[in-house]
Structure formats: structure tokens, C-alpha cells
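**Student:** Supplied structure: input.cif, mmCIF, C-alpha atoms.
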data_input
#
loop_
_atom_site.label_atom_id
_atom_site.label_comp_id
_atom_site.auth_asym_id
_atom_site.auth_seq_id
_atom_site.Cartn_x
_atom_site.Cartn_y
_atom_site.Cartn_z
CA MET C 1 88.92 110.44 102.43
CA VAL C 2 87.41 107.20 103.71
CA LYS C 3 88.95 107.28 107.17
CA GLN C 4 87.74 103.94 108.38
CA LYS C 5 90.73 101.91 109.37
CA ILE C 6 91.15 98.84 107.23
CA ALA C 7 92.46 96.76 110.11
CA ALA C 8 93.40 93.83 107.92
CA ALA C 9 95.35 95.97 105.42
CA PRO C 10 98.57 93.90 105.53
CA SER C 11 96.54 90.71 105.06
CA ILE C 12 94.60 92.25 102.18
CA ARG C 13 97.85 93.35 100.55
CA ARG C 14 99.03 89.73 100.57
CA LEU C 15 95.86 88.29 99.02
CA PRO C 16 96.96 88.92 95.39
CA ALA C 17 100.12 86.87 95.98
CA TYR C 18 98.01 84.00 97.35
CA LEU C 19 95.66 84.28 94.40
CA HIS C 20 98.53 84.22 91.92
CA LEU C 21 100.00 81.11 93.55
CA VAL C 22 96.71 79.25 93.80
CA ARG C 23 95.85 80.01 90.18
CA GLN C 24 99.21 78.52 89.25
CA ALA C 25 98.38 75.42 91.32
CA GLN C 26 95.09 75.17 89.44
CA ARG C 27 96.87 75.31 86.08
CA GLU C 28 99.09 72.48 87.31
CA GLY C 29 95.98 70.40 88.02
CA LEU C 30 96.01 70.52 91.84
CA GLN C 31 92.64 70.21 93.57
CA TYR C 32 93.76 70.97 97.12
CA ILE C 33 96.57 73.07 98.54
CA SER C 34 97.66 73.23 102.18
CA GLY C 35 98.35 76.39 104.15
CA THR C 36 101.80 74.99 104.86
CA ALA C 37 102.56 74.58 101.14
CA ILE C 38 101.42 78.15 100.46
CA ALA C 39 103.51 79.42 103.39
CA GLN C 40 106.61 77.63 102.15
CA GLU C 41 106.22 78.96 98.63
CA LEU C 42 105.74 82.56 99.77
CA ASN C 43 108.23 82.49 102.63
CA LEU C 44 105.61 83.16 105.30
CA GLU C 45 104.63 81.45 108.55
CA PRO C 46 101.79 78.90 108.12
CA ILE C 47 99.82 80.54 110.93
CA GLN C 48 100.08 83.87 109.08
CA VAL C 49 98.72 82.29 105.90
CA ARG C 50 95.75 80.77 107.73
CA LYS C 51 95.03 84.08 109.45
CA ASP C 52 95.26 86.03 106.18
CA LEU C 53 93.01 83.62 104.31
CA SER C 54 90.44 83.52 107.10
CA ILE C 55 89.36 87.09 106.21
CA THR C 56 87.85 85.64 103.02
CA HIS C 57 85.81 83.21 105.20
CA ILE C 58 87.27 80.16 103.49
CA MET C 59 87.65 76.98 105.53
CA GLY C 60 90.35 74.40 104.91
CA LYS C 61 89.69 70.66 105.24
CA PRO C 62 91.74 68.67 107.77
CA LYS C 63 94.66 66.91 106.07
CA LYS C 64 93.63 68.12 102.60
CA GLY C 65 93.96 71.86 102.95
CA TYR C 66 92.03 74.35 100.87
CA SER C 67 90.06 73.44 97.77
CA VAL C 68 91.91 75.28 95.02
CA ALA C 69 88.74 76.29 93.17
CA SER C 70 87.02 77.50 96.35
CA LEU C 71 90.07 79.44 97.47
CA ILE C 72 90.32 81.25 94.14
CA GLY C 73 86.62 82.05 94.31
CA ALA C 74 86.81 83.23 97.92
CA ILE C 75 89.73 85.61 97.32
CA GLU C 76 88.25 86.97 94.10
CA HIS C 77 84.91 87.50 95.76
CA PHE C 78 86.44 89.17 98.83
CA LEU C 79 88.34 91.62 96.61
CA SER C 80 85.35 92.01 94.25
CA TRP C 81 87.68 90.92 91.46
CA ASP C 82 84.90 88.63 90.21
CA THR C 83 82.98 91.65 88.95
CA THR C 84 84.02 94.32 86.46
CA ARG C 85 85.13 97.69 87.78
CA ARG C 86 85.06 100.34 85.04
CA ALA C 87 87.63 103.10 85.38
CA VAL C 88 89.12 106.08 83.61
CA LEU C 89 92.79 106.98 83.52
CA ILE C 90 93.89 110.62 83.65
CA GLY C 91 97.36 111.31 82.24
CA ALA C 92 98.50 109.06 79.40
CA GLY C 93 102.22 109.72 79.83
CA ASN C 94 104.85 107.04 80.43
CA LEU C 95 103.31 105.55 83.51
CA GLY C 96 99.73 105.97 82.28
CA THR C 97 100.59 104.22 79.03
CA ALA C 98 102.26 101.39 80.94
CA LEU C 99 99.16 100.97 83.09
CA LEU C 100 96.89 100.92 80.03
CA GLY C 101 98.97 98.02 78.71
CA TYR C 102 99.14 96.16 82.01
CA GLN C 103 97.67 92.75 81.16
CA GLU C 104 97.31 91.74 84.77
CA PHE C 105 94.39 94.14 85.30
CA GLN C 106 92.05 91.84 83.38
CA TYR C 107 92.45 89.29 86.18
CA HIS C 108 91.43 91.93 88.69
CA GLY C 109 88.21 92.88 86.95
CA LEU C 110 89.63 96.33 86.19
CA GLN C 111 88.55 97.74 82.86
CA VAL C 112 89.86 101.14 81.83
CA VAL C 113 87.25 102.47 79.41
CA ALA C 114 88.75 105.90 78.61
CA ALA C 115 91.97 107.83 79.03
CA PHE C 116 92.45 111.60 79.20
CA ASP C 117 95.48 113.70 78.33
CA VAL C 118 96.51 117.24 77.38
CA ASN C 119 98.74 116.22 74.46
CA PRO C 120 97.00 116.99 71.11
CA GLU C 121 98.93 114.16 69.47
CA LYS C 122 97.41 111.64 71.84
CA ILE C 123 93.87 113.03 71.93
CA GLY C 124 91.67 111.10 69.48
CA SER C 125 94.09 108.18 69.31
CA ARG C 126 93.93 104.83 71.08
CA ILE C 127 96.59 103.55 73.47
CA HIS C 128 96.41 99.79 74.01
CA GLN C 129 92.88 99.95 72.53
CA VAL C 130 91.73 102.58 75.02
CA PRO C 131 90.44 105.83 73.45
CA VAL C 132 92.18 109.03 74.57
CA PHE C 133 90.15 112.20 75.15
CA SER C 134 91.12 115.75 76.05
CA VAL C 135 91.21 116.46 79.80
CA GLU C 136 89.03 119.43 78.94
CA THR C 137 86.19 117.02 78.23
CA LEU C 138 86.35 115.22 81.60
CA GLU C 139 83.06 116.74 82.72
CA GLN C 140 81.27 115.62 79.57
CA GLU C 141 82.82 112.19 79.15
CA ILE C 142 82.90 110.73 82.65
CA PRO C 143 79.21 111.01 83.62
CA THR C 144 78.10 109.24 80.43
CA ARG C 145 80.24 106.22 81.21
CA GLY C 146 78.99 105.17 84.65
CA VAL C 147 82.50 105.16 86.01
CA LYS C 148 83.26 105.61 89.72
CA THR C 149 86.99 104.87 89.70
CA ALA C 150 89.87 106.98 88.36
CA LEU C 151 93.55 106.14 87.96
CA LEU C 152 95.48 109.38 88.39
CA THR C 153 98.80 109.52 86.52
CA VAL C 154 99.14 113.24 85.78
CA PRO C 155 102.16 115.34 86.87
CA SER C 156 101.92 115.95 90.63
CA HIS C 157 101.41 119.69 90.28
CA ALA C 158 98.23 119.09 88.24
CA ALA C 159 96.80 116.43 90.56
CA GLN C 160 94.67 118.58 92.86
CA ALA C 161 92.99 120.54 90.04
CA ILE C 162 92.07 117.30 88.24
CA THR C 163 90.88 115.80 91.51
CA GLU C 164 88.46 118.65 91.99
CA ILE C 165 86.91 117.91 88.60
CA LEU C 166 86.75 114.20 89.44
CA ILE C 167 84.89 115.00 92.65
CA ARG C 168 82.37 117.15 90.73
CA VAL C 169 81.62 114.44 88.16
CA GLY C 170 80.92 111.76 90.77
CA ILE C 171 84.14 109.75 90.94
CA GLU C 172 84.15 107.84 94.24
CA GLY C 173 87.66 106.43 94.36
CA ILE C 174 91.07 107.54 93.08
CA TRP C 175 94.05 105.28 92.66
CA ASN C 176 96.68 107.99 93.01
CA PHE C 177 100.04 107.45 91.32
CA THR C 178 101.17 111.06 91.78
CA LYS C 179 103.30 112.45 94.60
CA ALA C 180 100.47 114.81 95.58
CA LYS C 181 98.59 114.44 98.84
CA LEU C 182 95.04 114.95 97.57
CA ARG C 183 92.48 116.99 99.45
CA VAL C 184 89.16 115.16 99.01
CA PRO C 185 85.80 114.82 100.80
CA ASP C 186 85.48 112.27 103.60
CA THR C 187 83.43 109.97 101.39
CA MET C 188 86.14 109.56 98.76
CA VAL C 189 88.50 106.59 98.66
CA VAL C 190 92.12 107.38 97.82
CA GLN C 191 94.80 104.73 97.48
CA LYS C 192 98.24 106.23 97.00
CA GLU C 193 100.82 104.24 95.12
CA ASP C 194 104.41 105.35 95.59
CA LEU C 195 107.33 103.63 93.92
CA SER C 196 109.70 105.65 96.07
CA SER C 197 108.56 103.78 99.18
CA GLY C 198 109.67 100.43 97.86
CA TYR C 199 112.87 101.91 96.53
CA ALA C 200 113.65 103.48 99.92
CA LEU C 201 113.36 100.05 101.51
CA PHE C 202 115.51 98.54 98.78
CA CYS C 203 118.27 101.09 99.40
CA VAL C 204 118.30 100.50 103.15
CA MET C 205 118.48 96.72 102.61
CA MET C 206 121.38 97.20 100.19
CA GLN C 207 123.23 99.26 102.80
CA ALA C 208 122.55 96.63 105.48
CA ARG C 209 123.86 93.97 103.13
CA GLN C 210 127.08 95.91 102.54
CA LEU C 211 127.63 96.45 106.25
CA GLU C 212 127.16 92.74 106.80
CA SER C 213 129.74 91.81 104.17
CA TYR C 214 132.25 94.28 105.60
CA SER C 215 131.86 92.95 109.10
CA SER C 216 132.16 89.32 108.05
CA SER C 217 135.24 89.85 105.86
CA MET M 1 117.65 86.78 100.18
CA VAL M 2 118.77 89.21 102.86
CA LYS M 3 116.64 87.87 105.69
CA GLN M 4 117.48 90.42 108.32
CA LYS M 5 114.29 92.02 109.42
CA ILE M 6 114.13 95.68 108.58
CA ALA M 7 112.28 96.52 111.77
CA ALA M 8 111.67 100.09 110.75
CA ALA M 9 110.25 99.18 107.35
CA PRO M 10 106.98 101.15 107.71
CA SER M 11 108.96 104.21 108.85
CA ILE M 12 111.42 103.82 105.98
CA ARG M 13 108.53 103.55 103.53
CA ARG M 14 107.23 106.92 104.72
CA LEU M 15 110.57 108.75 104.42
CA PRO M 16 110.13 109.59 100.70
CA ALA M 17 106.85 111.38 101.48
CA TYR M 18 108.59 113.42 104.18
CA LEU M 19 111.43 114.21 101.80
CA HIS M 20 109.03 115.32 99.08
CA LEU M 21 107.19 117.61 101.49
CA VAL M 22 110.34 119.13 103.00
CA ARG M 23 111.83 119.81 99.57
CA GLN M 24 108.63 121.63 98.73
CA ALA M 25 108.98 123.68 101.94
CA GLN M 26 112.55 124.51 100.89
CA ARG M 27 111.36 125.72 97.49
CA GLU M 28 108.89 127.95 99.30
CA GLY M 29 111.76 129.49 101.27
CA LEU M 30 111.08 127.90 104.67
CA GLN M 31 114.09 127.39 106.93
CA TYR M 32 112.39 125.38 109.66
CA ILE M 33 109.46 122.97 109.69
CA SER M 34 107.76 121.47 112.73
CA GLY M 35 106.85 117.83 113.21
CA THR M 36 103.29 118.96 113.80
CA ALA M 37 103.13 120.78 110.46
CA ILE M 38 104.51 117.72 108.67
CA ALA M 39 102.00 115.51 110.48
CA GLN M 40 99.10 117.74 109.53
CA GLU M 41 100.12 117.87 105.88
CA LEU M 42 100.53 114.08 105.61
CA ASN M 43 97.57 113.13 107.80
CA LEU M 44 99.73 111.39 110.42
CA GLU M 45 100.08 111.67 114.19
CA PRO M 46 102.85 114.11 115.27
CA ILE M 47 104.38 111.42 117.50
CA GLN M 48 104.55 109.08 114.51
CA VAL M 49 106.37 111.72 112.46
CA ARG M 50 108.92 112.30 115.20
CA LYS M 51 109.48 108.58 115.62
CA ASP M 52 109.87 108.03 111.87
CA LEU M 53 112.33 110.91 111.48
CA SER M 54 114.38 109.82 114.48
CA ILE M 55 115.71 106.84 112.50
CA THR M 56 117.69 109.34 110.42
CA HIS M 57 119.25 110.69 113.67
CA ILE M 58 118.00 114.20 113.04
CA MET M 59 117.16 116.39 116.05
CA GLY M 60 114.54 119.10 115.97
CA LYS M 61 115.01 122.38 117.84
CA PRO M 62 112.50 123.32 120.55
CA LYS M 63 109.84 125.69 119.20
CA LYS M 64 111.48 125.91 115.75
CA GLY M 65 111.22 122.33 114.57
CA TYR M 66 113.57 120.74 112.09
CA SER M 67 116.01 122.70 109.96
CA VAL M 68 114.71 122.12 106.44
CA ALA M 69 118.19 121.80 104.91
CA SER M 70 119.38 119.41 107.63
CA LEU M 71 116.26 117.29 107.39
CA ILE M 72 116.62 116.90 103.62
CA GLY M 73 120.27 115.99 104.11
CA ALA M 74 119.52 113.51 106.90
CA ILE M 75 116.82 111.64 104.96
CA GLU M 76 118.87 111.57 101.75
CA HIS M 77 121.91 110.33 103.62
CA PHE M 78 119.93 107.67 105.51
CA LEU M 79 118.53 106.33 102.24
CA SER M 80 121.89 106.77 100.46
CA TRP M 81 120.03 108.93 97.95
CA ASP M 82 122.90 111.43 98.16
CA THR M 83 125.13 109.06 96.18
CA THR M 84 124.58 107.60 92.72
CA ARG M 85 123.37 104.01 92.43
CA ARG M 86 124.01 102.65 88.95
CA ALA M 87 121.52 100.07 87.75
CA VAL M 88 120.43 98.04 84.74
CA LEU M 89 116.86 97.38 83.69
CA ILE M 90 115.89 94.02 82.22
CA GLY M 91 112.75 94.03 80.10
CA ALA M 92 112.02 97.24 78.18
CA GLY M 93 108.30 96.59 77.70
CA ASN M 94 105.52 98.94 78.83
CA LEU M 95 106.47 99.07 82.48
CA GLY M 96 110.21 99.03 81.77
CA THR M 97 109.84 101.94 79.36
CA ALA M 98 107.80 103.86 81.91
CA LEU M 99 110.47 103.32 84.56
CA LEU M 100 113.21 104.46 82.16
CA GLY M 101 111.30 107.71 81.73
CA TYR M 102 110.50 108.19 85.42
CA GLN M 103 111.99 111.61 86.20
CA GLU M 104 111.70 111.13 89.93
CA PHE M 105 114.57 108.60 89.97
CA GLN M 106 117.13 111.39 89.52
CA TYR M 107 116.17 112.66 92.97
CA HIS M 108 116.84 109.23 94.41
CA GLY M 109 120.35 108.90 93.00
CA LEU M 110 119.18 106.06 90.76
CA GLN M 111 120.84 106.01 87.37
CA VAL M 112 119.83 103.31 84.90
CA VAL M 113 122.86 102.92 82.63
CA ALA M 114 121.63 100.14 80.35
CA ALA M 115 118.45 98.31 79.44
CA PHE M 116 118.09 94.79 78.06
CA ASP M 117 115.34 93.28 75.95
CA VAL M 118 114.60 90.43 73.53
CA ASN M 119 112.86 92.57 70.91
CA PRO M 120 115.17 93.09 67.87
CA GLU M 121 113.45 96.39 67.13
CA LYS M 122 114.46 97.77 70.51
CA ILE M 123 117.98 96.34 70.67
CA GLY M 124 120.48 98.98 69.55
CA SER M 125 118.03 101.82 70.13
CA ARG M 126 117.77 104.22 73.05
CA ILE M 127 114.70 104.57 75.26
CA HIS M 128 114.66 107.82 77.23
CA GLN M 129 118.39 108.13 76.43
CA VAL M 130 119.20 104.69 77.86
CA PRO M 131 120.85 102.26 75.41
CA VAL M 132 119.05 98.95 74.89
CA PHE M 133 121.07 95.72 74.54
CA SER M 134 120.08 92.14 73.83
CA VAL M 135 119.39 90.04 76.92
CA GLU M 136 121.77 87.55 75.39
CA THR M 137 124.61 89.96 76.14
CA LEU M 138 123.83 90.32 79.87
CA GLU M 139 126.92 88.37 80.86
CA GLN M 140 129.19 90.56 78.74
CA GLU M 141 127.62 93.95 79.42
CA ILE M 142 126.89 93.94 83.14
CA PRO M 143 130.38 93.18 84.54
CA THR M 144 131.97 96.01 82.52
CA ARG M 145 129.61 98.57 84.04
CA GLY M 146 130.23 98.14 87.76
CA VAL M 147 126.53 97.73 88.39
CA LYS M 148 125.16 95.92 91.44
CA THR M 149 121.46 96.75 91.09
CA ALA M 150 118.93 95.40 88.57
CA LEU M 151 115.34 96.46 87.91
CA LEU M 152 113.46 93.38 86.73
CA THR M 153 110.52 94.08 84.42
CA VAL M 154 110.43 90.94 82.26
CA PRO M 155 107.34 88.70 81.93
CA SER M 156 106.98 86.68 85.15
CA HIS M 157 107.67 83.35 83.46
CA ALA M 158 111.12 84.58 82.37
CA ALA M 159 112.04 86.09 85.74
CA GLN M 160 113.83 83.15 87.37
CA ALA M 161 116.03 82.37 84.34
CA ILE M 162 117.13 86.01 84.11
CA THR M 163 117.70 86.11 87.86
CA GLU M 164 120.12 83.20 87.60
CA ILE M 165 122.18 85.13 85.08
CA LEU M 166 122.07 88.23 87.30
CA ILE M 167 123.38 86.18 90.22
CA ARG M 168 126.26 84.87 88.08
CA VAL M 169 127.35 88.33 86.93
CA GLY M 170 127.50 89.77 90.43
CA ILE M 171 124.22 91.65 90.82
CA GLU M 172 123.60 92.13 94.55
CA GLY M 173 120.08 93.52 94.60
CA ILE M 174 116.98 93.11 92.44
CA TRP M 175 114.01 95.47 92.43
CA ASN M 176 111.47 92.92 91.25
CA PHE M 177 108.41 94.18 89.36
CA THR M 178 107.36 90.69 88.19
CA LYS M 179 104.84 88.39 89.87
CA ALA M 180 107.55 85.75 90.33
CA LYS M 181 108.81 84.77 93.76
CA LEU M 182 112.54 84.67 92.97
CA ARG M 183 114.84 81.97 94.32
CA VAL M 184 118.10 83.73 95.19
CA PRO M 185 121.10 83.22 97.51
CA ASP M 186 120.86 84.48 101.10
CA THR M 187 123.17 87.39 100.32
CA MET M 188 120.92 88.88 97.67
CA VAL M 189 118.51 91.74 98.30
CA VAL M 190 115.11 91.45 96.62
CA GLN M 191 112.45 94.13 96.88
CA LYS M 192 109.19 93.06 95.30
CA GLU M 193 106.90 95.69 93.91
CA ASP M 194 103.34 94.61 93.34
CA LEU M 195 100.66 96.94 92.00
CA SER M 196 98.02 94.32 92.79
CA SER M 197 98.57 94.81 96.53
CA GLY M 198 97.59 98.45 96.43
CA TYR M 199 94.70 97.70 94.11
CA ALA M 200 93.42 94.98 96.44
CA LEU M 201 93.31 97.52 99.25
CA PHE M 202 91.59 100.05 96.99
CA CYS M 203 88.87 97.54 96.10
CA VAL M 204 88.19 96.63 99.72
CA MET M 205 87.96 100.31 100.65
CA MET M 206 85.53 100.91 97.78
CA GLN M 207 83.34 98.06 99.04
CA ALA M 208 83.47 99.42 102.59
CA ARG M 209 82.47 102.82 101.25
CA GLN M 210 79.49 101.37 99.42
CA LEU M 211 78.34 99.43 102.47
CA GLU M 212 78.54 102.64 104.49
CA SER M 213 76.42 104.57 102.02
CA TYR M 214 73.82 101.78 101.90
CA SER M 215 73.55 101.65 105.66
CA SER M 216 73.28 105.41 106.03
CA SER M 217 70.68 105.81 103.28
#
Starting from the coordinates I provided, produce the structure as C-alpha cells.

**Tutor:**
Amino acid sequence: MVKQKIAAAPSIRRLPAYLHLVRQAQREGLQYISGTAIAQELNLEPIQVRKDLSITHIMGKPKKGYSVASLIGAIEHFLSWDTTRRAVLIGAGNLGTALLGYQEFQYHGLQVVAAFDVNPEKIGSRIHQVPVFSVETLEQEIPTRGVKTALLTVPSHAAQAITEILIRVGIEGIWNFTKAKLRVPDTMVVQKEDLSSGYALFCVMMQARQLESYSSS
Amino acid sequence: MVKQKIAAAPSIRRLPAYLHLVRQAQREGLQYISGTAIAQELNLEPIQVRKDLSITHIMGKPKKGYSVASLIGAIEHFLSWDTTRRAVLIGAGNLGTALLGYQEFQYHGLQVVAAFDVNPEKIGSRIHQVPVFSVETLEQEIPTRGVKTALLTVPSHAAQAITEILIRVGIEGIWNFTKAKLRVPDTMVVQKEDLSSGYALFCVMMQARQLESYSSS
């Protein structure tokens, strides 16, 4: 797995929220937006906002703030969301289907060109316009499509076996939605997405909230 | 929104991965597991693992490690995943439907008892066994169900209006899957889930990977 530490990871994770907000400002006709206004809207410290945005190399203008158009361009360019990234999706179950229909991806340059599943009823069909192939054809289908990115939404117990095929056919990065900890070569990028993490935090906040209301009543 | 800083947030976010691993160890018949073994499996530093697990107040035994059964119990209890949390889901679109079918939730004590949508074809039906009601009946249906938690999967532009209803009917915590930054009272818990954050990180890692291969070739 690509081991290099992404030092600015928390800043990078916040960039999509900035982008969403600044696009909204653009739709409302704004030409400039200040770091302070962004901070207020997103409940962050202004100094944090300026630090986060500085990784995209954008410069604000004194008193005016950031040019809305430049800021959008800078974030999109930094994330490479201004170019198309072709991807395949493996596992067209509930989550896979939801991801295939996720409109937001078009704003991120992500284009899923093929899906793969084991279910004979799905194979040969299209889900949200994306053609579904048999997982048994991964080795034939992927190399012909010039795809380097895979979204992995198979059951966790099948994740490693599929990963080994993905490695063989030249996939360079896996966005992993399974619970499996994938064993991959050092050169491979893996980003693990785990809903349970957010839910764990939610539960602890709910408990803290209840303790607070008990103690104040 | 509950403003209290959850200082241990990164540790809490890792607890589900520990839980998943230790449950697997239990299925394999292990009675004890060491912090070092956990660290190795999850690609973390042993000291980090011990620090993370200490928030659940579990103690390992010298040379043996953690009792597998106790560790599962301690994590589940810390996250309140050993009790049932009843919830409603608002917005039974692609993502909402995927969440309703997400088997993993049963291991987290999360029980979605009702879903709400605007689509007449869905209202009155069941999705993954969960009954779907009209969003217009939120104020009647929620109070009768003793539910304090809502999963919000509506289009972002509808999120704030729905949130205001949820506040009125006594919802105390929202797991927010929309892009909207919700305006809520200080007492409300909001956990925002944003796929774009993980994807942003993925894209930056992919770029870093490509730069590395250029420079080494």
C-alpha cells in the first residue's frame, strides 16, 4: 500500500466541503468570498480555513478574499477533479447500486464505466446506465478499458480474492468499502471507507449528550 | 449541535475495526489476543492500539494480552452497541435503500423501524422489511415510535426543512448523509458522513503514486 504519509490528510478531507460551499456562492453570483465567511458557514476557525486552502496554492486578496472562480479551479485541480478518472465497481449489491446512482460523482470527475457481479440476474443488465459483467470476466474486461481505479463493494469475505485479480490486471488504486483489511503491494493505493467509524462517533456523542442532560436536570 | 469536543475521536473511529478483528478471532476460537497482534493485523503501532483500547477501560493481562470475550464486551459497551438504538430513515432513494439493507447495522444495535419518502410508489411498501411512510406524516409517526435518532438521506436541498421537523418531533441526533450543513439547536447531535472526503484523499494518494513512479522511472 502507498505508505507515504499524506501529512495534510485532515485538510484534504475538508476540501470537498469548501468546494461545495464555494460552488454554491458561485451559483448565487458572488465573485469573491472571504476565509472568514467560509469559516463561519462551516463552523471552523478562519485560520484553519486559510491553512487548509493554502495547500491548493491559492492566494486571497486583501479585503476581498478569494476569487470564487479561482478557488473552485484551485481545489478541483489539486484533487484532480478537473480530469476524468475512469473506474470499475466490483459488487453491484445494495451499496454498489447506490454508488452507481450517486450523482455527486460527476462533480468529482469519477466515471464508473463497468460494474461486476456474481448474480446472473444482474449480469448483462445496466444499473444506472452502467453495464454489469460477470466477475469471472474481470481479467478480460478491465485491461481493455484503461481503468486504474476500482470501487470494491463485494462481501468482505470475497474482498481479498477479488483484490488479487485486480492487482494482476493492473488496477493501481482501490476505494475499499468492505470491512476487509486488504493485503496489497506497496505501490497500490487503498482508501478504506467505513460507515461504522462515523456511527461509532455518533453513538459516543449521543451518550455524552444524555449524560449532559442528566447532570443539568 | 453538541459542541463538546470528543477528544478521543480518532481512537473512537478505530474501535469498529478492532471490534471486527476481535470478533473474527473469537470465531476462530481464540481466547486471548495481544495488542501487538492487533497492531500488526491493522497496520498500526502497538502503543497506538493500547492507547485506543484504554478508552474502553479494558486491561490486558501480561504475556496473554486481552481476553477476546472481555474486549468485545468492553468495546460494545463503550459504543453502546450492546443496546438497541431505534432510528428512522428519511429519504429512501439509492443511498437510503442501501442503508436499509446494510446487514452490518445489526451488529451495532441499530434498528431502523421506519423509513420516509416522497415517492408515492414507495409509500406503503417495505424496503428490506422496513415500512415506508410519506414524509408528510413525520410529525404523526415519529413521536409514537420512541425514536431519538434519524438517518438523513434526502437530497441536500431538502435537508434543512426536514431537519426542522425532526427537531420539533423530538429527534436528538441526526446521522447526516447529505451535503447540507444543518442548522440545529446546541443540544442536537449531528454526525456528517461525506463520501467525498475519502475520495478526495484517494485522489491525492493516486497523484502522489503517479509522481513517485515518474520520478523513479

**Student:** At a cut-off of 8 Å, using all atoms listed in the file, what residues contact range 92-106 of chain C? Leave out same-chain residues fewer than 4 positions from it and give the result as an mmCIF file with C-alpha atoms, in the coordinates of the input.

**Tutor:**
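Below is the file that was written, part32.cif:
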data_model
loop_
_atom_site.group_PDB
_atom_site.id
_atom_site.type_symbol
_atom_site.label_atom_id
_atom_site.label_comp_id
_atom_site.auth_asym_id
_atom_site.auth_seq_id
_atom_site.Cartn_x
_atom_site.Cartn_y
_atom_site.Cartn_z
ATOM 1 C CA LEU C 110 89.630 96.330 86.190
ATOM 2 C CA GLN C 111 88.550 97.740 82.860
ATOM 3 C CA VAL C 112 89.860 101.140 81.830
ATOM 4 C CA ALA C 115 91.970 107.830 79.030
ATOM 5 C CA PHE C 116 92.450 111.600 79.200
ATOM 6 C CA ASP C 117 95.480 113.700 78.330
ATOM 7 C CA ILE C 127 96.590 103.550 73.470
ATOM 8 C CA HIS C 128 96.410 99.790 74.010
ATOM 9 C CA VAL C 130 91.730 102.580 75.020
ATOM 10 C CA VAL C 132 92.180 109.030 74.570
ATOM 11 C CA THR C 153 98.800 109.520 86.520
ATOM 12 C CA VAL C 154 99.140 113.240 85.780
ATOM 13 C CA ASN M 94 105.520 98.940 78.830
ATOM 14 C CA LEU M 95 106.470 99.070 82.480
ATOM 15 C CA THR M 97 109.840 101.940 79.360
ATOM 16 C CA ALA M 98 107.800 103.860 81.910
ATOM 17 C CA LEU M 99 110.470 103.320 84.560
ATOM 18 C CA GLY M 101 111.300 107.710 81.730
ATOM 19 C CA TYR M 102 110.500 108.190 85.420
#

**Student:** I need the residue nearest Val169 in chain M from this list: M:Leu152, M:Met205, M:Ile142, M:Val118. Use only C-alpha atoms for the distance.

**Tutor:**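 Counting only C-alpha atoms, the residue closest to Val169 in chain M is M:Ile142.
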
**Student:** Residue by residue, what does the PyMOL selection byres ((chain C) within 6 of (chain M)) grab here? Present the result as a PyMOL selection string.

**Tutor:** chain C and resi 13+79+94-95+98+191+197+202-204

**Student:** Mind checking which residues fall within 9 Å of Ile165 in chain C, counting only C-alpha atoms, ignoring those fewer than 6 positions away in the same chain, and posting them as a list in words?

**Tutor:** Leu138, Glu139 and Ile171 of chain C

**Student:** May I have the centre and edge lengths, in Å to one decimal, of an axis-aligned box around the listed atoms of range 77-84 of chain M with 5 Å added to every side, as JSON?

**Tutor:**
{"center_x": 121.8, "center_y": 108.9, "center_z": 99.1, "size_x": 16.6, "size_y": 15.1, "size_z": 22.8}

**Student:** Pick the closest to Gln129 in chain C from C:Ile33, C:Ile58, C:Ala114, C:Asp52: which is it, counting all atoms listed in the file?

**Tutor:**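 Of C:Ile33, C:Ile58, C:Ala114, C:Asp52, the one nearest Gln129 in chain C, counting all atoms listed in the file, is C:Ala114.
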
**Student:** Tell me, in Å to one decimal, how far CA of Val184 in chain M is from CA of Gly170 in chain M.

**Tutor:**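 Between these atoms lies a distance of 12.1 Å.
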
**Student:** List the spatial neighbours of Tyr18 in chain C as a PyMOL selection string - criterion: any atom at most 10 Å away, only C-alpha atoms, same-chain residues fewer than 6 positions off excluded.

**Tutor:** chain C and resi 24+38-39+41-42+49+52-53+71-72+75

**Student:** Separation of CA of Leu211 in chain C and CA of Leu151 in chain M, in Å?

**Tutor:**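 CA of Leu151 in chain M lies at a distance of 22.1 Å from CA of Leu211 in chain C.
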
**Student:** If I take CA of Thr84 in chain C and CA of Lys122 in chain C, how far is one from the other in Å, to one decimal?

**Tutor:** 26.3 Å

**Student:** Please write as a list in words the full residue list that the PyMOL selection byres ((chain C and resi 145) around 10) yields on this file.

**Tutor:**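 Against this file, the PyMOL selection byres ((chain C and resi 145) around 10) returns the residues Arg86, Ala87, Val88, Val113, Ala114, Gln140, Glu141, Ile142, Pro143, Thr144, Gly146, Val147 and Lys148 of chain C.
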
**Student:** Restricting the output to C-alpha atoms, write the selected residues as a short mmCIF file (atom, residue, chain, number, x, y, z; two decimals), in the coordinates of the input.

**Tutor:**
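Below you can see part32.cif, which holds the result:
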data_model
loop_
_atom_site.label_atom_id
_atom_site.label_comp_id
_atom_site.auth_asym_id
_atom_site.auth_seq_id
_atom_site.Cartn_x
_atom_site.Cartn_y
_atom_site.Cartn_z
CA ARG C 86 85.06 100.34 85.04
CA ALA C 87 87.63 103.10 85.38
CA VAL C 88 89.12 106.08 83.61
CA VAL C 113 87.25 102.47 79.41
CA ALA C 114 88.75 105.90 78.61
CA GLN C 140 81.27 115.62 79.57
CA GLU C 141 82.82 112.19 79.15
CA ILE C 142 82.90 110.73 82.65
CA PRO C 143 79.21 111.01 83.62
CA THR C 144 78.10 109.24 80.43
CA GLY C 146 78.99 105.17 84.65
CA VAL C 147 82.50 105.16 86.01
CA LYS C 148 83.26 105.61 89.72
#

**Student:** Point out the residue among M:Arg183, M:Arg23, M:His57, M:Arg126 with the least atom-to-atom distance to Tyr107 in chain M, counting all atoms listed in the file.

**Tutor:**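 Closest to Tyr107 in chain M of all the choices is M:Arg23.
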